[in-house]
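Have a look at the structure below, then the notes.
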Amino acid sequence: MLNLKTTPFHERTSALCQPQNWRKWAGYFAAGSYEHTLDREYWAIRNAAALIDVSPLIKYVIKGKDAAALLHRVTTRDIHKMKVGQVAYTGWCDEEGKLIDDGTVSRLEEQTFRLTAAEPNLRWLTMNAVGMDVSITEVTDEVAALSFQGPNTRKVLNKVTEKPVDELKYFRMMTNKIHGAEVTISRTGYTGDLGYEIWMDAKNALNVWDALMDAGSDYGITPVGILAMDMARVEAGLFMLDVDYTSSSHAWIESQKSSPFELGLDWTIALDKPGYFVGRRALEKEKREGPAWKMVGLEVDWVGMEQLFGKVGLPPQIPGSAVRGSLPIFVGNVQVGYASTSTWSPVLKRYIALAHLQKPYYEAGTDVRMEITVEHHRRHAPAKVVKLPFYEPEWKKK
Amino acid sequence: MTSNQYDAIIIGGGHNGLVAGAYLARAGKKVVVLERRPIVGGAAVTEEIFPGFKFTEFSYVVSLLRPEIIRDLELPKHGLKILPLPSTFTPMENGDYLAAWDDHDLTRRELYRHSPKDAEAYDEYARVMARAAKAIKPIINLIPPDPSSMTPRDLMGLLKVGQYAASLSEKELYAVAKLATQSSADLLEEWFEFDALKGTKAASGIIGTYLGPRSPGTAYVLLHHYMGEIDGAFRAWGFAKNGSGGVSGAIYNATQALGVEVRVNASVQQVKVKGGRAVGVILENGDELDSKVVMSAADPKRTFLQFVEGKHLPDDFVTSIQNFRTRGSSGKVNIALSKLPNFTALPYTGNGANSVLHRGAVSISPSIDYIERAYDDAKYGQISKRPYLDMIFPSMIDPDMAPPGHHVMSCFVQYAPYDLEGGWTDQRRDELGEAVIATIEQYAPNIRECIVGMQVISPKDIERIAGITGGNIFHGELLLHQIFFLRPTPQWADFRTPLKGYYFGASGAHPGGGVMGAPGMLAAKEMLKDGF
């Protein structure tokens, strides 16, 4: 291959992408944004209907008599309890209980699952499937995916789907048709809003895109790139591989690795599930002892920011998109952690960050200070530890 | 009239000799570097064999040149530019190709086309190798301690190696132990299934050795080539502006700025010994030069068996130098081109100026079996009928290497055994050239009509021109029994020799060959430590 791949929506997305700010995502071109500023795209997620091409997500179909057993063994969820049509968010760990990757498992049929991942995991899955009656097929190229996010998405979907989606519950999926094309629709997303993800054969991608754009025109449908999504996912308290944590299979040193407990995934670790799963022993130990680090939310104190910038005669200077640089966090003069992503939250009107803090500073309510740069000088802005997510509208799960 | 009295004499004006000279001069010493040929550079030279066409005759890529040398000697100021070699293409026998890029996503996507499994294993393999290289690298920077010695210096050195080994995780230790003992084929077959990938990777495990990919110990050589990739700025192979002669040229300029005297056409006949000490050299023209110390940057055999009379060295030392493996196994074919050969796997359009294939390396290594078969020929003293080739088009990387519209092509070829059955003759040399062209022709059918000039270099020619005994590009194979505290020979791997005042700082010394400069630098530092 002489260049990266384009997604099945490229014909549409490339015509719309004004700034031509393509980003690399898992070996595909992904639009950073469609407009030169992110405001409209961000607000489409929070107020209307955002159409996001998420085809680069790596997808596997895991099929066979032992498909459930394999996922039960590899992930931390109790897969055997999942019903057909159910979707589960999960991480998966190495033997030391350190997180390799995270994604969703959908039970498409009794013996068929779809697993999404940020990074390729075929080798890891295959290594764990020795002796099992299961086939693992990567379908990233074959299955196109749209993330459709925002409070108006249900109304728009109902206009184009064969069956209404009103009854589709949070983290459930259904098979359906859009303008004759078979799709599966899951009530999932990466924005913390009402939203759906639509999975389809790549050859139907443009038809589905056109149908949604058409039906959504009266509901504020807006093509949205991954930069605006990045702001929304921080508000939703959702972390990202390679930004907020390092896969244990990529880490150079031990301290780069994270356990799912550290990342706040306690609720996904089914220590009560029967039998062995990868990392079980280490996770049981960590559960007993408590994690040494935790990823939490930080709200930066606006008045404090105003004072720091005020000293040099400026109003607070806020980056226009999420910042993926590491920022040190202090208590007194001692560094107690770092923020891995920070962003201005347009809906909350707050500067927020995902921060990794050492015990005991990760308790909600703890006062800390985050390093920021004020006119080329390092300053410490006061901030408070808060529970995640920062933002969760009541319609998200309704 | 120049005085013939120096603090230090360096024999050999290759890159290591020049580096050593520069470091000694930096410390305020009066130094002369003696070069046999009319030009400096040794095996790192660029010559205009055909008018307008510049060839990096022997060595042709740079990856391991030590960054501290570049900084210490301010080589960028003296003209050093290392240009990127961003890809490797392996044309396949079925007309397809395998490409590897410096972009991770692109490489994964390309490999995925051939084998999804390998596309993922590749990442993990690269990490394991890089970790192992990281684990071994600090050892490279140490002066090799002698494990049998009880001197405080050696004990401290061993302690460091021991502490270092203890700091590795169990997994890393096993990985290193395995790498040290496996064949590259065994290692690669544990990881990959795609032939062209395995062949191309295996190739770097045999370069400069007289071994095949199925010979034990070749996995280490693979690792050796990863060393260059873990130094941030030096992640990949590069091509120096003006070729390898550009590297030597920059180092030469640095020596001139530091006041080193460099004499060309100054062939050393013998090291002068007085009272059990090296005190100077006698040149072939009869001139005598005196000095407090002498360092040789020639190969180990010349250094110890030719320049020094046997009576000044212990018998067992002489024997082990005699046994040092310097079997040359590779040759070089340098071609002047009227146009770029067109590869059927990825044809170019127009004049090829935009061809991505020609901007990187092209490797003829379709499978491990292919290379092992090439080795089979060599094992019994024959030129490989279908050799492994590593080709670059220097004029596509540095346009100043050939006249506008024309190109130069550099083909590293293995195997071409030094001990060819029946010996090397002009006819056998032509045979080597023909084997190379016939091999290329399979993948680029128009190669013959592109050729306007061709230079074929056999290991014998490497010996004759560059003065490397046996014509081995590393001055001695990078075999496990010839590295670290065993290079060039047990107990004398610290750049000192049994002859007082005589030092050894060439590719045949620790840490080994390639345009790395480390032996020259480390030897100079040891000399300064001893004081003179």
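Residues in the structure tokens are numbered from 1 in each chain, the chains being A, B, ... in the order shown, and ligands are numbered from 1 in the order shown.
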Among range 247-390 of chain B, which ones does DSSP assign to alpha helix (DSSP H) (computed from the backbone)? Answer as a short mmCIF file (atom, residue, chain, number, x, y, z; two decimals) with N, CA and C atoms, in the first residue's frame.
data_model
loop_
_atom_site.label_atom_id
_atom_site.label_comp_id
_atom_site.auth_asym_id
_atom_site.auth_seq_id
_atom_site.Cartn_x
_atom_site.Cartn_y
_atom_site.Cartn_z
N VAL B 247 30.50 11.00 5.16
CA VAL B 247 30.74 10.81 6.60
C VAL B 247 32.23 10.98 6.87
N SER B 248 33.05 10.25 6.10
CA SER B 248 34.50 10.36 6.29
C SER B 248 34.95 11.80 6.07
N GLY B 249 34.36 12.44 5.06
CA GLY B 249 34.73 13.81 4.73
C GLY B 249 34.47 14.75 5.90
N ALA B 250 33.30 14.57 6.53
CA ALA B 250 32.96 15.44 7.67
C ALA B 250 33.92 15.19 8.82
N ILE B 251 34.24 13.89 9.05
CA ILE B 251 35.16 13.59 10.15
C ILE B 251 36.55 14.15 9.81
N TYR B 252 36.93 14.02 8.54
CA TYR B 252 38.23 14.56 8.11
C TYR B 252 38.26 16.07 8.35
N ASN B 253 37.19 16.76 7.96
CA ASN B 253 37.14 18.21 8.18
C ASN B 253 37.29 18.53 9.66
N ALA B 254 36.67 17.69 10.50
CA ALA B 254 36.78 17.91 11.94
C ALA B 254 38.22 17.74 12.40
N THR B 255 38.90 16.72 11.84
CA THR B 255 40.31 16.52 12.25
C THR B 255 41.14 17.72 11.84
N GLN B 256 40.82 18.30 10.67
CA GLN B 256 41.60 19.45 10.21
C GLN B 256 41.38 20.65 11.11
N ALA B 257 40.12 20.82 11.55
CA ALA B 257 39.83 21.93 12.45
C ALA B 257 40.54 21.74 13.79
N PRO B 300 42.20 -6.59 12.35
CA PRO B 300 43.00 -7.25 13.40
C PRO B 300 44.19 -8.02 12.83
N LYS B 301 44.01 -8.62 11.67
CA LYS B 301 45.12 -9.43 11.14
C LYS B 301 46.29 -8.55 10.72
N ASP B 315 52.50 -15.99 21.97
CA ASP B 315 52.08 -16.99 20.97
C ASP B 315 50.58 -17.19 20.94
N ASP B 316 49.98 -17.34 22.13
CA ASP B 316 48.55 -17.67 22.15
C ASP B 316 47.73 -16.51 21.59
N PHE B 317 48.23 -15.31 21.82
CA PHE B 317 47.54 -14.14 21.27
C PHE B 317 47.60 -14.19 19.74
N VAL B 318 48.78 -14.45 19.23
CA VAL B 318 48.96 -14.52 17.78
C VAL B 318 48.03 -15.60 17.20
N THR B 319 47.98 -16.74 17.90
CA THR B 319 47.13 -17.83 17.42
C THR B 319 45.67 -17.40 17.38
N SER B 320 45.22 -16.73 18.44
CA SER B 320 43.80 -16.40 18.45
C SER B 320 43.49 -15.33 17.40
N ILE B 321 44.44 -14.48 17.10
CA ILE B 321 44.20 -13.51 16.01
C ILE B 321 44.16 -14.25 14.67
N GLN B 322 45.05 -15.25 14.56
CA GLN B 322 45.02 -16.05 13.32
C GLN B 322 43.67 -16.72 13.15
N ASN B 323 43.07 -17.11 14.28
CA ASN B 323 41.78 -17.80 14.22
C ASN B 323 40.59 -16.86 14.12
N ILE B 368 13.06 -16.87 3.22
CA ILE B 368 14.22 -17.39 3.94
C ILE B 368 14.90 -18.46 3.09
N ASP B 369 14.11 -19.30 2.47
CA ASP B 369 14.69 -20.37 1.65
C ASP B 369 15.57 -19.80 0.53
N TYR B 370 15.10 -18.71 -0.05
CA TYR B 370 15.87 -18.08 -1.12
C TYR B 370 17.27 -17.72 -0.62
N ILE B 371 17.33 -17.13 0.55
CA ILE B 371 18.63 -16.69 1.08
C ILE B 371 19.45 -17.89 1.52
N GLU B 372 18.77 -18.88 2.10
CA GLU B 372 19.50 -20.07 2.54
C GLU B 372 20.10 -20.78 1.33
N ARG B 373 19.35 -20.79 0.23
CA ARG B 373 19.88 -21.41 -1.00
C ARG B 373 21.08 -20.62 -1.52
N ALA B 374 20.99 -19.32 -1.42
CA ALA B 374 22.13 -18.49 -1.83
C ALA B 374 23.34 -18.84 -0.98
N TYR B 375 23.08 -19.12 0.30
CA TYR B 375 24.17 -19.51 1.19
C TYR B 375 24.72 -20.89 0.85
N ASP B 376 23.81 -21.79 0.47
CA ASP B 376 24.24 -23.14 0.10
C ASP B 376 25.35 -23.08 -0.95
N ASP B 377 25.18 -22.23 -1.96
CA ASP B 377 26.21 -22.08 -2.99
C ASP B 377 27.53 -21.65 -2.34
N ALA B 378 27.42 -20.64 -1.47
CA ALA B 378 28.63 -20.04 -0.90
C ALA B 378 29.35 -20.98 0.05
N LYS B 379 28.57 -21.81 0.74
CA LYS B 379 29.15 -22.75 1.70
C LYS B 379 30.24 -23.60 1.05
#
Cut-off 12 Å: closest chain A/chain B atom pairs per residue, using only C-alpha atoms, as JSON lines:
{"residue": "A:Met1", "atom": "CA", "partner": "B:Glu110", "partner_atom": "CA", "distance": 4.8}
{"residue": "A:Leu2", "atom": "CA", "partner": "B:Leu106", "partner_atom": "CA", "distance": 7.6}
{"residue": "A:Asn3", "atom": "CA", "partner": "B:Leu106", "partner_atom": "CA", "distance": 6.5}
{"residue": "A:Leu4", "atom": "CA", "partner": "B:Leu106", "partner_atom": "CA", "distance": 5.8}
{"residue": "A:Lys5", "atom": "CA", "partner": "B:Arg109", "partner_atom": "CA", "distance": 7.8}
{"residue": "A:Thr6", "atom": "CA", "partner": "B:Arg109", "partner_atom": "CA", "distance": 11.4}
{"residue": "A:Arg23", "atom": "CA", "partner": "B:Asp105", "partner_atom": "CA", "distance": 11.6}
{"residue": "A:Lys24", "atom": "CA", "partner": "B:Asp105", "partner_atom": "CA", "distance": 8.0}
{"residue": "A:Trp25", "atom": "CA", "partner": "B:Asp105", "partner_atom": "CA", "distance": 8.4}
{"residue": "A:Ala26", "atom": "CA", "partner": "B:Asp105", "partner_atom": "CA", "distance": 6.5}
{"residue": "A:Gly27", "atom": "CA", "partner": "B:Asp105", "partner_atom": "CA", "distance": 4.6}
{"residue": "A:Tyr28", "atom": "CA", "partner": "B:Asp105", "partner_atom": "CA", "distance": 8.2}
{"residue": "A:Phe29", "atom": "CA", "partner": "B:Asp105", "partner_atom": "CA", "distance": 10.5}
{"residue": "A:Pro56", "atom": "CA", "partner": "B:Asp105", "partner_atom": "CA", "distance": 11.9}
{"residue": "A:Glu119", "atom": "CA", "partner": "B:Glu120", "partner_atom": "CA", "distance": 9.4}
{"residue": "A:Pro120", "atom": "CA", "partner": "B:Glu120", "partner_atom": "CA", "distance": 6.5}
{"residue": "A:Asn121", "atom": "CA", "partner": "B:Glu120", "partner_atom": "CA", "distance": 7.5}
{"residue": "A:Leu122", "atom": "CA", "partner": "B:Lys117", "partner_atom": "CA", "distance": 6.8}
{"residue": "A:Arg123", "atom": "CA", "partner": "B:Lys117", "partner_atom": "CA", "distance": 6.1}
{"residue": "A:Trp124", "atom": "CA", "partner": "B:Glu120", "partner_atom": "CA", "distance": 9.1}
{"residue": "A:Leu125", "atom": "CA", "partner": "B:Lys117", "partner_atom": "CA", "distance": 10.7}
{"residue": "A:Thr126", "atom": "CA", "partner": "B:Lys117", "partner_atom": "CA", "distance": 9.0}
{"residue": "A:Met127", "atom": "CA", "partner": "B:Lys117", "partner_atom": "CA", "distance": 10.9}
{"residue": "A:Ile136", "atom": "CA", "partner": "B:Lys117", "partner_atom": "CA", "distance": 11.1}
{"residue": "A:Thr137", "atom": "CA", "partner": "B:Pro116", "partner_atom": "CA", "distance": 9.7}
{"residue": "A:Glu138", "atom": "CA", "partner": "B:Pro116", "partner_atom": "CA", "distance": 8.4}
{"residue": "A:Val139", "atom": "CA", "partner": "B:Pro116", "partner_atom": "CA", "distance": 11.1}
{"residue": "A:Thr140", "atom": "CA", "partner": "B:Pro116", "partner_atom": "CA", "distance": 11.4}
{"residue": "A:Asp141", "atom": "CA", "partner": "B:Arg109", "partner_atom": "CA", "distance": 11.0}
{"residue": "A:Ser247", "atom": "CA", "partner": "B:Glu124", "partner_atom": "CA", "distance": 11.9}
{"residue": "A:Ser248", "atom": "CA", "partner": "B:Glu124", "partner_atom": "CA", "distance": 11.4}
{"residue": "A:Ser249", "atom": "CA", "partner": "B:Glu124", "partner_atom": "CA", "distance": 7.6}
{"residue": "A:His250", "atom": "CA", "partner": "B:Arg127", "partner_atom": "CA", "distance": 7.4}
{"residue": "A:Ala251", "atom": "CA", "partner": "B:Arg127", "partner_atom": "CA", "distance": 9.1}
{"residue": "A:Trp252", "atom": "CA", "partner": "B:Arg131", "partner_atom": "CA", "distance": 7.5}
{"residue": "A:Ile253", "atom": "CA", "partner": "B:Arg131", "partner_atom": "CA", "distance": 9.8}
{"residue": "A:Glu254", "atom": "CA", "partner": "B:Ser169", "partner_atom": "CA", "distance": 10.3}
Tell me which protein, DNA and RNA residues are within 12 Å of Leu271 in chain A, counting only C-alpha atoms, leaving out same-chain ones fewer than 6 positions away, and put them as a ChimeraX atom specification.
/A:72,75-78,277-288
For Val293 in chain B, list every protein, DNA or RNA residue within 12 Å, evaluated using only C-alpha atoms, and leave out those in the same chain fewer than 4 positions away; present the list as JSON, numbers by chain.
{"B": [5, 6, 7, 8, 9, 10, 11, 24, 29, 30, 31, 32, 271, 272, 273, 274, 277, 278, 279, 280, 281, 289, 496, 497, 499, 500, 501, 502, 503, 504, 523, 524, 526, 527, 528, 530, 531, 532]}
Could the residues in this selection be written to a file with N, CA and C atoms, as a short mmCIF file (atom, residue, chain, number, x, y, z; two decimals), in the first residue's frame?
data_model
loop_
_atom_site.label_atom_id
_atom_site.label_comp_id
_atom_site.auth_asym_id
_atom_site.auth_seq_id
_atom_site.Cartn_x
_atom_site.Cartn_y
_atom_site.Cartn_z
N GLN B 5 57.97 13.71 14.85
CA GLN B 5 57.81 13.35 16.26
C GLN B 5 56.38 13.69 16.70
N TYR B 6 55.64 12.68 17.15
CA TYR B 6 54.24 12.88 17.50
C TYR B 6 53.93 12.31 18.88
N ASP B 7 52.80 12.75 19.41
CA ASP B 7 52.30 12.09 20.62
C ASP B 7 51.69 10.75 20.22
N ALA B 8 50.92 10.78 19.15
CA ALA B 8 50.22 9.54 18.75
C ALA B 8 50.23 9.40 17.24
N ILE B 9 50.42 8.17 16.80
CA ILE B 9 50.30 7.84 15.38
C ILE B 9 49.08 6.93 15.22
N ILE B 10 48.24 7.26 14.26
CA ILE B 10 47.10 6.40 13.98
C ILE B 10 47.35 5.75 12.62
N ILE B 11 47.32 4.44 12.59
CA ILE B 11 47.49 3.74 11.32
C ILE B 11 46.12 3.51 10.71
N LEU B 24 41.81 12.43 20.07
CA LEU B 24 43.11 12.65 20.71
C LEU B 24 43.53 14.11 20.55
N LYS B 29 46.59 16.48 22.00
CA LYS B 29 47.72 15.67 21.55
C LYS B 29 48.12 16.02 20.13
N LYS B 30 49.38 15.83 19.84
CA LYS B 30 49.86 16.01 18.47
C LYS B 30 49.73 14.66 17.76
N VAL B 31 48.89 14.65 16.73
CA VAL B 31 48.49 13.38 16.15
C VAL B 31 48.75 13.37 14.64
N VAL B 32 49.17 12.23 14.13
CA VAL B 32 49.20 12.04 12.69
C VAL B 32 48.39 10.79 12.34
N VAL B 271 55.47 -1.45 12.82
CA VAL B 271 55.47 -0.67 14.06
C VAL B 271 56.84 -0.83 14.69
N LYS B 272 57.42 0.32 15.07
CA LYS B 272 58.74 0.26 15.72
C LYS B 272 58.57 -0.10 17.18
N VAL B 273 59.35 -1.03 17.65
CA VAL B 273 59.24 -1.47 19.04
C VAL B 273 60.60 -1.26 19.71
N LYS B 274 60.55 -0.64 20.89
CA LYS B 274 61.80 -0.42 21.63
C LYS B 274 61.52 -0.68 23.10
N ARG B 277 57.96 -1.63 23.92
CA ARG B 277 56.93 -0.59 23.71
C ARG B 277 56.87 -0.19 22.25
N ALA B 278 55.68 0.12 21.78
CA ALA B 278 55.55 0.68 20.44
C ALA B 278 55.98 2.14 20.52
N VAL B 279 56.90 2.52 19.66
CA VAL B 279 57.45 3.88 19.75
C VAL B 279 57.38 4.63 18.42
N GLY B 280 56.69 4.05 17.44
CA GLY B 280 56.60 4.74 16.16
C GLY B 280 56.33 3.76 15.05
N VAL B 281 56.44 4.23 13.82
CA VAL B 281 56.23 3.34 12.68
C VAL B 281 57.28 3.60 11.60
N LEU B 289 58.62 7.48 11.65
CA LEU B 289 57.90 8.44 12.49
C LEU B 289 57.96 7.94 13.93
N ARG B 496 43.45 -2.15 24.35
CA ARG B 496 44.88 -2.29 24.61
C ARG B 496 45.33 -3.59 23.96
N THR B 497 46.65 -3.76 23.84
CA THR B 497 47.16 -4.98 23.22
C THR B 497 48.32 -5.49 24.07
N LEU B 499 51.22 -5.56 23.38
CA LEU B 499 52.39 -4.70 23.16
C LEU B 499 52.10 -3.34 23.77
N LYS B 500 52.85 -2.96 24.74
CA LYS B 500 52.62 -1.68 25.43
C LYS B 500 52.69 -0.51 24.45
N GLY B 501 51.81 0.44 24.63
CA GLY B 501 51.82 1.62 23.77
C GLY B 501 51.17 1.38 22.41
N TYR B 502 50.69 0.17 22.19
CA TYR B 502 50.05 -0.16 20.90
C TYR B 502 48.57 -0.41 21.16
N TYR B 503 47.74 0.31 20.48
CA TYR B 503 46.29 0.22 20.71
C TYR B 503 45.59 -0.20 19.43
N PHE B 504 44.37 -0.68 19.64
CA PHE B 504 43.62 -1.20 18.51
C PHE B 504 42.21 -0.62 18.55
N ALA B 523 38.59 3.66 21.81
CA ALA B 523 40.03 3.41 21.89
C ALA B 523 40.76 4.69 22.28
N ALA B 524 40.37 5.80 21.65
CA ALA B 524 41.03 7.08 21.95
C ALA B 524 40.84 7.43 23.42
N GLU B 526 40.40 5.35 25.92
CA GLU B 526 41.24 4.47 26.74
C GLU B 526 42.69 4.91 26.70
N MET B 527 43.14 5.32 25.50
CA MET B 527 44.53 5.79 25.38
C MET B 527 44.76 6.99 26.28
N LEU B 528 43.78 7.90 26.27
CA LEU B 528 43.93 9.11 27.08
C LEU B 528 43.91 8.75 28.57
N ASP B 530 45.08 6.04 29.87
CA ASP B 530 46.40 5.50 30.23
C ASP B 530 47.45 6.62 30.33
N GLY B 531 47.22 7.69 29.64
CA GLY B 531 48.14 8.82 29.66
C GLY B 531 49.35 8.60 28.80
N PHE B 532 49.78 9.63 28.10
CA PHE B 532 51.02 9.55 27.31
C PHE B 532 51.48 10.95 26.99
#
Using DSSP on the backbone coordinates, identify all residues within range 215-278 of chain A classified as strand (DSSP E or B); present the result as number ranges by chain.
A: 221-223, 241, 245
For N, CA and C atoms, I'd like the residues from the last selection saved as an mmCIF file, in the first residue's frame.
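Produced file selection.cif, reproduced below:
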data_model
loop_
_atom_site.group_PDB
_atom_site.id
_atom_site.type_symbol
_atom_site.label_atom_id
_atom_site.label_comp_id
_atom_site.auth_asym_id
_atom_site.auth_seq_id
_atom_site.Cartn_x
_atom_site.Cartn_y
_atom_site.Cartn_z
ATOM 1 N N ILE A 221 -28.831 18.007 11.661
ATOM 2 C CA ILE A 221 -27.767 17.006 11.482
ATOM 3 C C ILE A 221 -26.508 17.700 10.949
ATOM 4 N N THR A 222 -25.379 17.320 11.491
ATOM 5 C CA THR A 222 -24.108 17.961 11.156
ATOM 6 C C THR A 222 -23.018 16.898 11.103
ATOM 7 N N PRO A 223 -22.279 16.814 10.017
ATOM 8 C CA PRO A 223 -21.121 15.910 10.025
ATOM 9 C C PRO A 223 -20.102 16.436 11.039
ATOM 10 N N LEU A 241 -7.230 5.262 24.519
ATOM 11 C CA LEU A 241 -5.959 4.544 24.466
ATOM 12 C C LEU A 241 -4.903 5.423 23.800
ATOM 13 N N TYR A 245 -4.158 6.426 28.569
ATOM 14 C CA TYR A 245 -3.427 5.286 29.120
ATOM 15 C C TYR A 245 -2.642 4.622 27.999
#
Identify, on the basis of only C-alpha atoms, every residue whose closest approach to Leu173 in chain B does not exceed 12 Å; exclude the query and any residue fewer than 3 positions from it along the same chain; express the result as a CSV table (one decimal) with C-alpha atoms, in the first residue's frame.
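Resulting contents of selection03.csv:
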chain,number,residue,atom,x,y,z
B,128,VAL,CA,10.5,-7.1,21.8
B,131,ARG,CA,13.5,-3.7,24.3
B,132,ALA,CA,16.2,-6.3,23.8
B,133,ALA,CA,18.4,-3.8,22.0
B,134,LYS,CA,17.7,-1.3,24.8
B,135,ALA,CA,18.7,-4.0,27.2
B,136,ILE,CA,22.0,-4.7,25.4
B,162,GLY,CA,26.0,-7.9,36.3
B,164,TYR,CA,22.6,-4.3,34.5
B,165,ALA,CA,21.6,-7.9,33.7
B,166,ALA,CA,19.9,-8.1,37.1
B,167,SER,CA,17.8,-5.0,36.3
B,168,LEU,CA,16.3,-6.7,33.3
B,169,SER,CA,13.0,-8.4,33.8
B,170,GLU,CA,12.9,-12.2,33.6
B,176,VAL,CA,18.1,-11.8,25.2
B,177,ALA,CA,19.3,-15.3,25.9
B,178,LYS,CA,17.2,-16.6,23.1
B,179,LEU,CA,18.4,-14.0,20.7
B,180,ALA,CA,21.9,-14.8,21.5
